[in-house]
Amino acid sequence: MYQEIFAFVLSTSGWVLVSSTLPTDYWKVSSLDGTVITTVTIWSNLWKACVADSAGVTNCKDFPSMLALEGYIQACRGLMIAAICLGFFGSIFALVGMKCTKIGGTDKNKARIACIAGVNFLLSGLCSLSACSIYAQQITAEFFDPTYIAQKYELGAALFIGWAGSILCILGGIILCFSIAGSFSKSHSQTNYIYKGAASHSHISSYPRGQAKSVNQRPPPDYSNSSRMQHFDKNAYV
């Protein structure tokens with residue numbers, strides 16, 4: 001139970017971090033490499049691009065068309081939204097499937113639901129990890145490309161938060177799945193022990209303590225004396 005609680009806290013914390021990266025502005029920030037005086041700072045995320053001058057005035061512009069965006073931005077949007085949805089359903093399933101809650105039915109059903117929650121957290125972490133890695137790869141490819149003459153960018157804080165949240169989701173999902181596997185093995189061993197005990201107990205007769213005999217060692221009944229059968233009255237078979 002404590003292992004499940006630890007995995008739930010770990011996974012939920014990672015999901016919160018992943019969710020916080022989606023509206024964060026600083027996915028990429030304009031690079032200061034090779035510049036002496038900086039008058040303009042540019043940053044961007046999955047939804048808009050912003051410019052701040054030296055006076056502190058900031059102007060932002062949303063991306064006008066989704067279909068006109070670059071392919072990596074569309075892929076990152078889809079992966080991040082999928083990661084948030086999977087983490088949300090994983091949190092609900094984990095609350096239902098953990099042993100410390102009183103909903104979810106039998107222990108076997110709760111274990112299955114908790115296993116589904118662990119898989120959801122694992123997939124959520126993989127989706128967000130892929131999105132942040134794709135975005136970071138595009139930034140680094142443009143930065144180290146000598147033929148790229150446009151504005152170059154560096155990795156923003158949102159990417160590092162997304163990576164941290166992804167790792168927490170993956171670790172929490174793995175721990176949750178392993179905790180369910182351990183509970184299944186323990187319940188299986190306990191079932192076998194009870195069955196063997198019941199089978200061995202069936203060979204013990206109802207004699208007093210210290211005089212127990214095996215059922216197979218009892219002497220067969222003696223039917224040779226047929227005179228006893230004649231003394232049975234009609235109430236003997238009632």
# chains A, B, ... in the order shown; residues from 1 in each chain; ligands from 1
>>> residues_around(residues="Cys50 (chain A)", least_positions_apart="6", cutoff="9 Å", atoms="only C-alpha atoms", output="MDAnalysis selection string")
chainID A and resid 25 41:44 58:62
>>> atom_distance(atom1="CA of Ser19 (chain A)", atom2="CA of Phe6 (chain A)")
20.0 Å
>>> atom_distance(atom1="CA of Glu70 (chain A)", atom2="CA of Asp33 (chain A)")
24.7 Å
>>> atom_distance(atom1="CA of Phe121 (chain A)", atom2="CA of Gly172 (chain A)")
7.2 Å
>>> closest_atom_pairs(of="region 45-103 of chain A", to="region 127-138 of chain A", cutoff="6 Å", atoms="only C-alpha atoms", output="tab-separated table")
residue	atom	partner	partner_atom	distance
A:Cys76	CA	A:Ala131	CA	4.6
A:Leu79	CA	A:Cys127	CA	5.3
A:Met80	CA	A:Ser128	CA	5.4
A:Ala83	CA	A:Cys127	CA	5.4
>>> residues_around(residues="Ala117 (chain A)", least_positions_apart="6", cutoff="6 Å", atoms="only C-alpha atoms", output="MDAnalysis selection string")
chainID A and resid 90 93:94
>>> residues_around(residues="Gln151 (chain A)", least_positions_apart="2", cutoff="8 Å", atoms="only C-alpha atoms", output="PDB file with N, CA and C atoms, in the first residue's frame")
ATOM      1  N   SER A  30      15.414  33.679 -27.469  1.00  0.00           N
ATOM      2  CA  SER A  30      16.411  34.145 -28.441  1.00  0.00           C
ATOM      3  C   SER A  30      17.809  34.085 -27.851  1.00  0.00           C
ATOM      4  N   SER A  31      18.746  33.654 -28.657  1.00  0.00           N
ATOM      5  CA  SER A  31      20.119  33.471 -28.202  1.00  0.00           C
ATOM      6  C   SER A  31      20.877  34.793 -28.193  1.00  0.00           C
ATOM      7  N   ILE A 149      20.604  31.483 -41.193  1.00  0.00           N
ATOM      8  CA  ILE A 149      20.935  32.887 -40.959  1.00  0.00           C
ATOM      9  C   ILE A 149      19.849  33.625 -40.182  1.00  0.00           C
ATOM     10  N   TYR A 153      17.751  30.364 -31.476  1.00  0.00           N
ATOM     11  CA  TYR A 153      17.147  30.277 -30.144  1.00  0.00           C
ATOM     12  C   TYR A 153      17.902  29.264 -29.285  1.00  0.00           C
TER      13      TYR A 153
END
>>> select_by_dssp(residues="region 6-70 of chain A", states="helix (DSSP H, G or I)", output="NGL selection string")
:A and (6-21)
>>> select_by_dssp(residues="region 38-202 of chain A", states="strand (DSSP E or B)", output="list in words")
Val40, Thr41, Ile42, Trp43, Ser44, Lys48, Ala49, Cys50, Val51, Ala52, Asp53, Thr58, Asn59, Cys60, Lys61, Asp62, Tyr153, Glu154 and Leu155 of chain A
>>> write_last_selection(atoms="N, CA and C atoms", output="JSON list (two decimals), in the first residue's frame")
[["chain", "number", "residue", "atom", "x", "y", "z"],
["A", 40, "VAL", "N", 16.29, 43.62, -27.83],
["A", 40, "VAL", "CA", 15.04, 42.89, -28.03],
["A", 40, "VAL", "C", 15.26, 41.45, -27.58],
["A", 41, "THR", "N", 14.28, 40.94, -26.85],
["A", 41, "THR", "CA", 14.28, 39.54, -26.43],
["A", 41, "THR", "C", 13.04, 38.86, -27.02],
["A", 42, "ILE", "N", 13.24, 37.74, -27.66],
["A", 42, "ILE", "CA", 12.16, 37.01, -28.32],
["A", 42, "ILE", "C", 12.03, 35.64, -27.67],
["A", 43, "TRP", "N", 10.83, 35.27, -27.36],
["A", 43, "TRP", "CA", 10.58, 33.91, -26.88],
["A", 43, "TRP", "C", 9.29, 33.38, -27.50],
["A", 44, "SER", "N", 9.14, 32.09, -27.46],
["A", 44, "SER", "CA", 8.00, 31.47, -28.14],
["A", 44, "SER", "C", 7.65, 30.16, -27.43],
["A", 48, "LYS", "N", 2.10, 30.81, -29.26],
["A", 48, "LYS", "CA", 2.32, 32.21, -29.62],
["A", 48, "LYS", "C", 3.80, 32.53, -29.58],
["A", 49, "ALA", "N", 4.13, 33.71, -30.11],
["A", 49, "ALA", "CA", 5.48, 34.25, -30.08],
["A", 49, "ALA", "C", 5.43, 35.66, -29.51],
["A", 50, "CYS", "N", 6.39, 36.00, -28.65],
["A", 50, "CYS", "CA", 6.38, 37.29, -27.96],
["A", 50, "CYS", "C", 7.71, 37.99, -28.15],
["A", 51, "VAL", "N", 7.65, 39.33, -28.10],
["A", 51, "VAL", "CA", 8.83, 40.17, -28.23],
["A", 51, "VAL", "C", 8.80, 41.20, -27.11],
["A", 52, "ALA", "N", 9.92, 41.37, -26.40],
["A", 52, "ALA", "CA", 10.05, 42.36, -25.32],
["A", 52, "ALA", "C", 11.23, 43.27, -25.64],
["A", 53, "ASP", "N", 11.01, 44.59, -25.61],
["A", 53, "ASP", "CA", 12.10, 45.52, -25.88],
["A", 53, "ASP", "C", 12.80, 45.92, -24.58],
["A", 58, "THR", "N", 6.07, 44.44, -23.90],
["A", 58, "THR", "CA", 5.98, 43.10, -24.49],
["A", 58, "THR", "C", 4.80, 43.03, -25.44],
["A", 59, "ASN", "N", 5.04, 42.51, -26.60],
["A", 59, "ASN", "CA", 3.99, 42.29, -27.60],
["A", 59, "ASN", "C", 3.98, 40.81, -27.98],
["A", 60, "CYS", "N", 2.79, 40.22, -27.93],
["A", 60, "CYS", "CA", 2.64, 38.80, -28.25],
["A", 60, "CYS", "C", 1.69, 38.64, -29.43],
["A", 61, "LYS", "N", 1.92, 37.61, -30.20],
["A", 61, "LYS", "CA", 1.08, 37.31, -31.35],
["A", 61, "LYS", "C", 0.82, 35.81, -31.38],
["A", 62, "ASP", "N", -0.46, 35.46, -31.37],
["A", 62, "ASP", "CA", -0.83, 34.05, -31.47],
["A", 62, "ASP", "C", -0.58, 33.56, -32.90],
["A", 153, "TYR", "N", 17.75, 30.36, -31.48],
["A", 153, "TYR", "CA", 17.15, 30.28, -30.14],
["A", 153, "TYR", "C", 17.90, 29.26, -29.29],
["A", 154, "GLU", "N", 17.63, 29.36, -27.99],
["A", 154, "GLU", "CA", 18.16, 28.40, -27.02],
["A", 154, "GLU", "C", 17.01, 27.75, -26.27],
["A", 155, "LEU", "N", 17.33, 26.68, -25.54],
["A", 155, "LEU", "CA", 16.31, 25.91, -24.84],
["A", 155, "LEU", "C", 15.71, 26.74, -23.71]]
>>> residues_around(residues="Met66 (chain A)", least_positions_apart="6", cutoff="10 Å", atoms="only C-alpha atoms", output="list in words")
Trp47, Ile73 and Gln74 of chain A
>>> write_last_selection(atoms="N, CA, C and O atoms", output="PDB file, in the first residue's frame")
ATOM      1  N   TRP A  47       1.978  28.050 -28.803  1.00  0.00           N
ATOM      2  CA  TRP A  47       0.757  28.775 -29.164  1.00  0.00           C
ATOM      3  C   TRP A  47       0.998  30.188 -29.659  1.00  0.00           C
ATOM      4  O   TRP A  47       0.177  30.727 -30.397  1.00  0.00           O
ATOM      5  N   ILE A  73       5.902  21.615 -34.538  1.00  0.00           N
ATOM      6  CA  ILE A  73       5.040  22.274 -33.559  1.00  0.00           C
ATOM      7  C   ILE A  73       3.693  21.557 -33.468  1.00  0.00           C
ATOM      8  O   ILE A  73       3.145  21.353 -32.375  1.00  0.00           O
ATOM      9  N   GLN A  74       3.140  21.143 -34.601  1.00  0.00           N
ATOM     10  CA  GLN A  74       1.885  20.390 -34.581  1.00  0.00           C
ATOM     11  C   GLN A  74       2.054  19.060 -33.860  1.00  0.00           C
ATOM     12  O   GLN A  74       1.181  18.643 -33.081  1.00  0.00           O
TER      13      GLN A  74
END
>>> closest_residue(among="A:Pro23, A:Phe88, A:Phe144, A:Leu46", to="Cys169 (chain A)", atoms="only C-alpha atoms")
A:Phe88
